[in-house]
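Asks: Have a peek at entry19.pdb (PDB, C-alpha atoms and all ligand atoms).
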ATOM      1  CA  MET A   1      81.060  98.896  90.543
ATOM      2  CA  MET A   2      84.190  98.371  88.470
ATOM      3  CA  TYR A   3      83.842  96.518  85.151
ATOM      4  CA  ILE A   4      86.918  94.583  84.082
ATOM      5  CA  ILE A   5      87.525  92.485  80.935
ATOM      6  CA  ASP A   6      88.578  88.873  81.447
ATOM      7  CA  THR A   7      90.588  88.257  78.280
ATOM      8  CA  ALA A   8      94.017  88.620  76.730
ATOM      9  CA  ASN A   9      92.696  88.905  73.182
ATOM     10  CA  LEU A  10      93.999  92.199  71.811
ATOM     11  CA  ASP A  11      91.125  92.809  69.369
ATOM     12  CA  SER A  12      88.538  92.161  72.079
ATOM     13  CA  ILE A  13      90.336  94.453  74.525
ATOM     14  CA  ARG A  14      90.523  97.216  71.876
ATOM     15  CA  HIS A  15      86.796  96.806  71.190
ATOM     16  CA  CYS A  16      85.762  96.919  74.853
ATOM     17  CA  VAL A  17      88.039  99.840  75.741
ATOM     18  CA  GLU A  18      86.721 101.814  72.762
ATOM     19  CA  TYR A  19      83.020 101.228  73.464
ATOM     20  CA  TYR A  20      82.555 100.513  77.175
ATOM     21  CA  PRO A  21      83.576 102.167  80.468
ATOM     22  CA  VAL A  22      86.215  99.540  81.232
ATOM     23  CA  ASP A  23      88.290  99.761  84.433
ATOM     24  CA  GLY A  24      90.903  97.181  83.525
ATOM     25  CA  VAL A  25      91.881  93.730  82.296
ATOM     26  CA  THR A  26      92.295  90.419  84.136
ATOM     27  CA  THR A  27      94.222  87.440  82.813
ATOM     28  CA  ASN A  28      95.202  84.023  84.069
ATOM     29  CA  PRO A  29      97.332  81.219  82.568
ATOM     30  CA  THR A  30      94.270  79.722  80.807
ATOM     31  CA  ILE A  31      93.324  83.047  79.240
ATOM     32  CA  ILE A  32      96.934  83.744  78.206
ATOM     33  CA  SER A  33      97.369  80.255  76.697
ATOM     34  CA  ARG A  34      94.305  80.804  74.446
ATOM     35  CA  GLU A  35      96.295  83.498  72.622
ATOM     36  CA  ASN A  36      99.330  81.207  72.118
ATOM     37  CA  ALA A  37     101.539  84.326  71.969
ATOM     38  CA  ASP A  38     104.851  85.488  73.408
ATOM     39  CA  PHE A  39     103.852  86.299  77.029
ATOM     40  CA  PRO A  40     106.013  89.420  77.625
ATOM     41  CA  LYS A  41     105.016  90.925  74.261
ATOM     42  CA  LEU A  42     101.346  90.107  74.858
ATOM     43  CA  ILE A  43     101.177  91.813  78.250
ATOM     44  CA  LYS A  44     103.108  94.810  76.881
ATOM     45  CA  ASP A  45     100.580  95.105  74.031
ATOM     46  CA  ILE A  46      97.665  94.871  76.465
ATOM     47  CA  ARG A  47      99.221  97.612  78.616
ATOM     48  CA  SER A  48      99.649  99.867  75.615
ATOM     49  CA  ILE A  49      95.955  99.434  74.668
ATOM     50  CA  ILE A  50      94.552 100.036  78.157
ATOM     51  CA  GLY A  51      97.089 102.701  79.221
ATOM     52  CA  ALA A  52      99.011 103.004  82.482
ATOM     53  CA  ASP A  53      96.038 103.999  84.668
ATOM     54  CA  ARG A  54      93.632 101.130  84.093
ATOM     55  CA  GLN A  55      94.041  98.078  86.342
ATOM     56  CA  PHE A  56      95.950  95.147  84.857
ATOM     57  CA  HIS A  57      95.714  91.892  86.852
ATOM     58  CA  ILE A  58      98.390  89.383  85.782
ATOM     59  CA  GLN A  59      98.669  85.937  87.345
ATOM     60  CA  VAL A  60     101.896  84.233  88.358
ATOM     61  CA  THR A  61     102.485  80.550  87.623
ATOM     62  CA  GLY A  62     105.020  79.747  90.382
ATOM     63  CA  SER A  63     103.791  77.513  93.181
ATOM     64  CA  THR A  64     106.286  78.403  95.917
ATOM     65  CA  SER A  65     106.269  81.795  97.631
ATOM     66  CA  ARG A  66     109.835  82.354  96.416
ATOM     67  CA  ASP A  67     108.886  81.775  92.763
ATOM     68  CA  ILE A  68     105.669  83.794  93.108
ATOM     69  CA  ILE A  69     107.626  86.767  94.451
ATOM     70  CA  ARG A  70     110.351  86.513  91.790
ATOM     71  CA  GLU A  71     107.762  86.342  88.982
ATOM     72  CA  ALA A  72     105.777  89.223  90.473
ATOM     73  CA  LEU A  73     108.835  91.471  90.627
ATOM     74  CA  ALA A  74     109.805  90.553  87.056
ATOM     75  CA  ILE A  75     106.281  91.365  85.826
ATOM     76  CA  ARG A  76     106.290  94.667  87.720
ATOM     77  CA  ASP A  77     109.660  95.702  86.307
ATOM     78  CA  PHE A  78     108.578  94.801  82.794
ATOM     79  CA  ILE A  79     105.040  96.162  82.653
ATOM     80  CA  GLY A  80     104.677  98.965  85.201
ATOM     81  CA  GLY A  81     101.457 100.991  85.490
ATOM     82  CA  ASN A  82      98.465 100.111  87.671
ATOM     83  CA  LEU A  83      99.375  96.473  88.244
ATOM     84  CA  TYR A  84      97.828  93.754  90.413
ATOM     85  CA  ILE A  85      99.649  90.449  90.824
ATOM     86  CA  LYS A  86      97.152  87.586  90.798
ATOM     87  CA  VAL A  87      98.076  84.846  93.247
ATOM     88  CA  PRO A  88      95.960  81.672  93.559
ATOM     89  CA  ILE A  89      94.978  81.093  97.207
ATOM     90  CA  SER A  90      97.236  78.555  98.959
ATOM     91  CA  ALA A  91      99.589  78.537 101.949
ATOM     92  CA  GLU A  92     102.496  79.511  99.646
ATOM     93  CA  GLY A  93     100.291  82.132  97.979
ATOM     94  CA  LEU A  94      99.382  83.687 101.324
ATOM     95  CA  ARG A  95     103.011  83.791 102.408
ATOM     96  CA  ALA A  96     103.890  85.453  99.093
ATOM     97  CA  THR A  97     100.993  87.926  99.486
ATOM     98  CA  VAL A  98     102.350  89.205 102.806
ATOM     99  CA  GLU A  99     105.820  89.671 101.266
ATOM    100  CA  LEU A 100     104.513  91.272  98.075
ATOM    101  CA  LYS A 101     102.574  93.838 100.141
ATOM    102  CA  LYS A 102     105.767  94.652 102.093
ATOM    103  CA  LEU A 103     107.496  95.196  98.735
ATOM    104  CA  GLY A 104     104.760  97.648  97.717
ATOM    105  CA  LEU A 105     102.982  95.479  95.126
ATOM    106  CA  LYS A 106      99.211  95.143  94.818
ATOM    107  CA  VAL A 107      97.758  91.636  95.039
ATOM    108  CA  THR A 108      94.595  89.925  93.808
ATOM    109  CA  GLU A 109      94.043  86.597  95.546
ATOM    110  CA  THR A 110      92.310  84.392  92.999
ATOM    111  CA  ALA A 111      90.532  81.031  92.615
ATOM    112  CA  ILE A 112      88.478  81.812  95.719
ATOM    113  CA  PHE A 113      85.608  79.401  96.425
ATOM    114  CA  THR A 114      84.840  79.986 100.099
ATOM    115  CA  GLN A 115      84.181  82.880 102.439
ATOM    116  CA  GLN A 116      87.027  81.805 104.732
ATOM    117  CA  GLN A 117      89.540  81.730 101.871
ATOM    118  CA  ALA A 118      88.516  85.308 101.115
ATOM    119  CA  LEU A 119      88.735  86.415 104.743
ATOM    120  CA  ILE A 120      92.195  84.976 105.278
ATOM    121  CA  ALA A 121      93.433  86.451 101.959
ATOM    122  CA  ALA A 122      92.158  89.840 103.096
ATOM    123  CA  LYS A 123      93.967  89.427 106.436
ATOM    124  CA  ALA A 124      97.160  88.621 104.521
ATOM    125  CA  GLY A 125      96.735  91.977 102.778
ATOM    126  CA  ALA A 126      95.183  91.122  99.401
ATOM    127  CA  ASP A 127      93.809  94.212  97.685
ATOM    128  CA  PHE A 128      91.201  92.144  95.828
ATOM    129  CA  VAL A 129      89.838  88.647  96.272
ATOM    130  CA  ALA A 130      88.374  86.933  93.212
ATOM    131  CA  PRO A 131      85.568  84.430  93.933
ATOM    132  CA  TYR A 132      84.453  82.251  90.973
ATOM    133  CA  VAL A 133      80.688  82.697  90.734
ATOM    134  CA  ASN A 134      79.711  80.416  87.834
ATOM    135  CA  ARG A 135      82.038  77.631  88.931
ATOM    136  CA  LEU A 136      80.398  77.785  92.378
ATOM    137  CA  ASP A 137      76.942  77.611  90.762
ATOM    138  CA  ASN A 138      78.105  74.609  88.717
ATOM    139  CA  ILE A 139      78.943  72.599  91.848
ATOM    140  CA  VAL A 140      75.459  73.358  93.226
ATOM    141  CA  SER A 141      76.776  75.992  95.566
ATOM    142  CA  ASP A 142      75.469  79.574  95.407
ATOM    143  CA  GLY A 143      78.013  81.990  93.917
ATOM    144  CA  VAL A 144      75.914  85.063  94.675
ATOM    145  CA  ASN A 145      75.506  84.078  98.318
ATOM    146  CA  VAL A 146      79.259  83.405  98.709
ATOM    147  CA  VAL A 147      80.108  86.816  97.223
ATOM    148  CA  GLY A 148      77.440  88.567  99.355
ATOM    149  CA  GLU A 149      78.833  87.027 102.528
ATOM    150  CA  ILE A 150      82.419  87.973 101.617
ATOM    151  CA  VAL A 151      81.271  91.576 101.076
ATOM    152  CA  GLN A 152      79.551  91.479 104.492
ATOM    153  CA  LEU A 153      82.614  90.000 106.210
ATOM    154  CA  PHE A 154      84.886  92.716 104.814
ATOM    155  CA  LYS A 155      82.432  95.360 106.084
ATOM    156  CA  GLU A 156      81.965  93.652 109.447
ATOM    157  CA  TYR A 157      85.701  93.466 110.128
ATOM    158  CA  ASN A 158      86.513  96.787 108.498
ATOM    159  CA  LEU A 159      88.914  95.206 106.018
ATOM    160  CA  PRO A 160      90.080  97.384 103.112
ATOM    161  CA  SER A 161      90.125  94.442 100.644
ATOM    162  CA  LYS A 162      87.677  94.532  97.752
ATOM    163  CA  VAL A 163      85.742  91.798  95.997
ATOM    164  CA  LEU A 164      86.456  91.221  92.297
ATOM    165  CA  ALA A 165      83.848  88.640  91.346
ATOM    166  CA  ALA A 166      84.910  86.421  88.429
ATOM    167  CA  SER A 167      83.617  83.493  86.343
ATOM    168  CA  PHE A 168      80.298  84.602  84.866
ATOM    169  CA  LYS A 169      78.080  83.069  82.226
ATOM    170  CA  THR A 170      74.875  85.147  82.456
ATOM    171  CA  VAL A 171      73.647  88.705  82.836
ATOM    172  CA  GLU A 172      71.430  87.495  85.698
ATOM    173  CA  GLN A 173      74.539  86.386  87.654
ATOM    174  CA  ILE A 174      76.145  89.795  87.033
ATOM    175  CA  HIS A 175      73.041  91.659  88.209
ATOM    176  CA  LYS A 176      72.729  89.603  91.391
ATOM    177  CA  ILE A 177      76.425  90.093  92.140
ATOM    178  CA  ALA A 178      75.988  93.856  91.734
ATOM    179  CA  MET A 179      73.034  93.740  94.151
ATOM    180  CA  ALA A 180      75.205  91.763  96.597
ATOM    181  CA  GLY A 181      77.608  94.715  96.727
ATOM    182  CA  SER A 182      80.620  93.332  94.863
ATOM    183  CA  HIS A 183      83.132  96.131  94.298
ATOM    184  CA  ALA A 184      84.140  94.838  90.869
ATOM    185  CA  ILE A 185      83.370  92.152  88.313
ATOM    186  CA  THR A 186      85.473  90.678  85.540
ATOM    187  CA  ILE A 187      83.613  89.360  82.503
ATOM    188  CA  SER A 188      84.255  88.139  78.962
ATOM    189  CA  PRO A 189      84.017  90.635  76.080
ATOM    190  CA  GLU A 190      80.961  88.705  74.832
ATOM    191  CA  LEU A 191      79.170  89.352  78.141
ATOM    192  CA  PHE A 192      79.946  93.088  77.842
ATOM    193  CA  ASP A 193      78.029  93.074  74.543
ATOM    194  CA  THR A 194      75.193  90.993  76.016
ATOM    195  CA  LEU A 195      74.900  93.284  79.068
ATOM    196  CA  THR A 196      73.952  96.283  76.961
ATOM    197  CA  TYR A 197      71.582  94.450  74.565
ATOM    198  CA  HIS A 198      67.797  94.470  74.853
ATOM    199  CA  PRO A 199      65.328  93.943  71.982
ATOM    200  CA  MET A 200      62.934  96.559  73.460
ATOM    201  CA  THR A 201      65.749  99.107  73.283
ATOM    202  CA  LEU A 202      66.228  98.321  69.586
ATOM    203  CA  TYR A 203      62.452  98.703  68.970
ATOM    204  CA  ALA A 204      62.492 102.051  70.794
ATOM    205  CA  ILE A 205      65.433 103.306  68.700
ATOM    206  CA  ASP A 206      63.717 102.171  65.467
ATOM    207  CA  ASP A 207      60.589 104.097  66.532
ATOM    208  CA  PHE A 208      62.629 107.279  67.164
ATOM    209  CA  VAL A 209      64.099 107.031  63.666
ATOM    210  CA  ALA A 210      60.737 106.316  62.002
ATOM    211  CA  ASP A 211      58.942 109.192  63.808
ATOM    212  CA  TRP A 212      61.730 111.669  62.986
ATOM    213  CA  GLU A 213      61.836 110.648  59.323
ATOM    214  CA  SER A 214      58.027 110.819  59.011
ATOM    215  CA  VAL A 215      58.305 114.569  59.598
ATOM    216  CA  TYR A 216      61.856 115.595  58.618
ATOM    217  CA  GLY A 217      62.814 112.899  56.124
ATOM    218  CA  LYS A 218      66.538 112.128  56.140
ATOM    219  CA  LYS A 219      67.469 115.632  57.373
ATOM    220  CA  THR A 220      69.812 115.444  60.349
ATOM    221  CA  ILE A 221      70.063 117.739  63.384
ATOM    222  CA  LEU A 222      73.417 119.036  62.109
ATOM    223  CA  GLU A 223      71.939 119.894  58.694
ATOM    224  CA  MET A 224      69.181 121.845  60.439
ATOM    225  CA  PHE A 225      71.709 123.882  62.439
ATOM    226  CA  GLU A 226      73.608 124.547  59.192
ATOM    227  CA  GLU A 227      70.434 126.050  57.678
ATOM    228  CA  HIS A 228      70.194 128.457  60.641
ATOM    229  CA  LYS A 229      73.637 129.944  60.098
TER     230      LYS A 229
HETATM  231  O1  LIG B   1      88.833  85.274  86.056
HETATM  232  C1  LIG B   1      88.537  83.916  86.345
HETATM  233  C2  LIG B   1      87.832  83.336  85.217
HETATM  234  O2  LIG B   1      88.630  83.443  84.051
HETATM  235  C3  LIG B   1      87.314  81.966  85.376
HETATM  236  O3  LIG B   1      86.238  81.948  84.533
HETATM  237  O4  LIG B   1      84.613  81.096  82.944
HETATM  238  O5  LIG B   1      86.740  79.821  83.358
HETATM  239  O6  LIG B   1      84.953  79.917  85.109
HETATM  240  P1  LIG B   1      85.619  80.603  83.967
END
Render the structure in this file as structure tokens.
Replies:
Amino acid sequence: MMYIIDTANLDSIRHCVEYYPVDGVTTNPTIISRENADFPKLIKDIRSIIGADRQFHIQVTGSTSRDIIREALAIRDFIGGNLYIKVPISAEGLRATVELKKLGLKVTETAIFTQQQALIAAKAGADFVAPYVNRLDNIVSDGVNVVGEIVQLFKEYNLPSKVLAASFKTVEQIHKIAMAGSHAITISPELFDTLTYHPMTLYAIDDFVADWESVYGKKTILEMFEEHK
């Protein structure tokens, strides 16, 4: 499963890329607006931190297919690298998706809340569809079930589109989405830190240190090899 960071904060992206096996970055107008920065400079800075090979999903703001396509081409020309144009699902978005694929761009259809939205986006050629798990849970739907059924539909109809599950608040949601076969998830930097934390792990590491020091004191493995030279 691919792990992607859902932020445009440069410090957070640097942190996650340095410490975790991150496959890319996703942004949307809300995430970008939190940084209150010059948009072209911000996306250029993100690209330089993550490199050309990691996925970078950037959302357009145009609402007509013409504007979506013009923005997508401008973003591609400016940023380059492994780029996915995020297009919110709508009739105009679907029309733009078909055209963008003809022009050789990769597309992530976003703001997906239903299985049929995902299926039709996949038929239009979207490379990824992004269902919003926590927002589904919040309206007393079942985000995990929606994602699981989208995964099944793509398998059933042999569609090459992948599922990039988004909108997470808990590790439990992430685990269930992984079990449902999602190809990728995008999560906040805070959730990356939470994913790898467990108090029992910290106890175990403290025990390793205490047991080692009870016999060898503060001597390290490297110091021991030095003594053997
Ligand atoms: O990638 C979509 C995501 O940013 C939405 O997340 O937490 O606002 O529901 P959230």
Asks: Please extract the residues at most 6 Å from ligand LIG 1 (chain B), counting only C-alpha atoms and all ligand atoms, and provide them as a VMD selection string, using the chain letters and residue numbers of this document.
Replies: chain A and resid 6 134 to 135 166 to 168
Asks: With all atoms listed in the file as the basis for distance, which of A:Leu105, A:Ile4, A:Ile112, A:Val146 is at the shortest distance from Gly24 in chain A?
Replies: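 Residue with the minimum atom-to-atom distance to Gly24 in chain A: A:Ile4.
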Asks: When you look at Thr194 in chain A with a cut-off of 12 Å (counting all atoms listed in the file), what residues show up, excluding the ones that are within fewer than 3 positions of it in the same chain? I need them as a VMD selection string.
Replies: chain A and resid 169 to 172 174 187 to 191 197 to 199
Asks: Under the rule that all atoms listed in the file are counted, which of A:Pro131, A:Gly104, A:Gly81, A:Gly181 is the nearest residue to Gln116 in chain A?
Replies: A:Pro131
Asks: Within 12 Å of Phe39 in chain A, counting only C-alpha atoms, which residues show up once you throw out same-chain ones fewer than 4 positions away? Write them as a list in words, please.
Replies: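 The filter keeps Ala8, Thr27, Asn28, Pro29, Ile31, Ile32, Ser33, Arg34, Glu35, Ile43, Lys44, Asp45, Ile46, Ile58, Gln59, Val60, Ile75, Phe78 and Ile79 of chain A.
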Asks: May I have the residues from that selection written out with C-alpha atoms, as a PDB file, keeping the file's coordinate frame?
Replies:
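Once written, result-v4.pdb looks like this:
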ATOM      1  CA  ALA A   8      94.017  88.620  76.730  1.00  0.00           C
ATOM      2  CA  THR A  27      94.222  87.440  82.813  1.00  0.00           C
ATOM      3  CA  ASN A  28      95.202  84.023  84.069  1.00  0.00           C
ATOM      4  CA  PRO A  29      97.332  81.219  82.568  1.00  0.00           C
ATOM      5  CA  ILE A  31      93.324  83.047  79.240  1.00  0.00           C
ATOM      6  CA  ILE A  32      96.934  83.744  78.206  1.00  0.00           C
ATOM      7  CA  SER A  33      97.369  80.255  76.697  1.00  0.00           C
ATOM      8  CA  ARG A  34      94.305  80.804  74.446  1.00  0.00           C
ATOM      9  CA  GLU A  35      96.295  83.498  72.622  1.00  0.00           C
ATOM     10  CA  ILE A  43     101.177  91.813  78.250  1.00  0.00           C
ATOM     11  CA  LYS A  44     103.108  94.810  76.881  1.00  0.00           C
ATOM     12  CA  ASP A  45     100.580  95.105  74.031  1.00  0.00           C
ATOM     13  CA  ILE A  46      97.665  94.871  76.465  1.00  0.00           C
ATOM     14  CA  ILE A  58      98.390  89.383  85.782  1.00  0.00           C
ATOM     15  CA  GLN A  59      98.669  85.937  87.345  1.00  0.00           C
ATOM     16  CA  VAL A  60     101.896  84.233  88.358  1.00  0.00           C
ATOM     17  CA  ILE A  75     106.281  91.365  85.826  1.00  0.00           C
ATOM     18  CA  PHE A  78     108.578  94.801  82.794  1.00  0.00           C
ATOM     19  CA  ILE A  79     105.040  96.162  82.653  1.00  0.00           C
TER      20      ILE A  79
END
Asks: Any chance you could work out the residue set of the PyMOL selection byres (((chain A and resi 125) around 8) and not hetatm) here, as a PDB file with C-alpha atoms, in the coordinates of the input?
Replies:
ATOM      1  CA  THR A  97     100.993  87.926  99.486  1.00  0.00           C
ATOM      2  CA  VAL A  98     102.350  89.205 102.806  1.00  0.00           C
ATOM      3  CA  LYS A 101     102.574  93.838 100.141  1.00  0.00           C
ATOM      4  CA  VAL A 107      97.758  91.636  95.039  1.00  0.00           C
ATOM      5  CA  ALA A 121      93.433  86.451 101.959  1.00  0.00           C
ATOM      6  CA  ALA A 122      92.158  89.840 103.096  1.00  0.00           C
ATOM      7  CA  LYS A 123      93.967  89.427 106.436  1.00  0.00           C
ATOM      8  CA  ALA A 124      97.160  88.621 104.521  1.00  0.00           C
ATOM      9  CA  ALA A 126      95.183  91.122  99.401  1.00  0.00           C
ATOM     10  CA  ASP A 127      93.809  94.212  97.685  1.00  0.00           C
ATOM     11  CA  SER A 161      90.125  94.442 100.644  1.00  0.00           C
TER      12      SER A 161
END
Asks: Name the residues that the PyMOL selection byres (((chain A and resi 88) around 9) and not hetatm) pulls out of this structure, and write them as a list in words.
Replies: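 Given this file, the PyMOL selection byres (((chain A and resi 88) around 9) and not hetatm) evaluates to Gln59, Val60, Thr61, Ser63, Lys86, Val87, Ile89, Ser90, Gly93, Leu94, Thr108, Glu109, Thr110, Ala111 and Ile112 of chain A.
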Asks: Using C-alpha atoms, can you write the selected residues to a file as a PDB file, keeping the file's coordinate frame?
Replies:
ATOM      1  CA  GLN A  59      98.669  85.937  87.345  1.00  0.00           C
ATOM      2  CA  VAL A  60     101.896  84.233  88.358  1.00  0.00           C
ATOM      3  CA  THR A  61     102.485  80.550  87.623  1.00  0.00           C
ATOM      4  CA  SER A  63     103.791  77.513  93.181  1.00  0.00           C
ATOM      5  CA  LYS A  86      97.152  87.586  90.798  1.00  0.00           C
ATOM      6  CA  VAL A  87      98.076  84.846  93.247  1.00  0.00           C
ATOM      7  CA  ILE A  89      94.978  81.093  97.207  1.00  0.00           C
ATOM      8  CA  SER A  90      97.236  78.555  98.959  1.00  0.00           C
ATOM      9  CA  GLY A  93     100.291  82.132  97.979  1.00  0.00           C
ATOM     10  CA  LEU A  94      99.382  83.687 101.324  1.00  0.00           C
ATOM     11  CA  THR A 108      94.595  89.925  93.808  1.00  0.00           C
ATOM     12  CA  GLU A 109      94.043  86.597  95.546  1.00  0.00           C
ATOM     13  CA  THR A 110      92.310  84.392  92.999  1.00  0.00           C
ATOM     14  CA  ALA A 111      90.532  81.031  92.615  1.00  0.00           C
ATOM     15  CA  ILE A 112      88.478  81.812  95.719  1.00  0.00           C
TER      16      ILE A 112
END
Asks: Using only C-alpha atoms for the distances, tell me which of A:Ile49, A:Leu136, A:Ala96, A:Val25 is nearest to Glu71 in chain A.
Replies: A:Ala96
Asks: Distance CA of Ile5 in chain A-CA of Asp53 in chain A, one decimal place?
Replies: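 Separation of CA of Ile5 in chain A and CA of Asp53 in chain A: 14.8 Å.
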Asks: May I ask for the distance between CA of Thr26 in chain A and CA of His57 in chain A, given in Å to one decimal place?
Replies: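 Separation between CA of Thr26 in chain A and CA of His57 in chain A: 4.6 Å.
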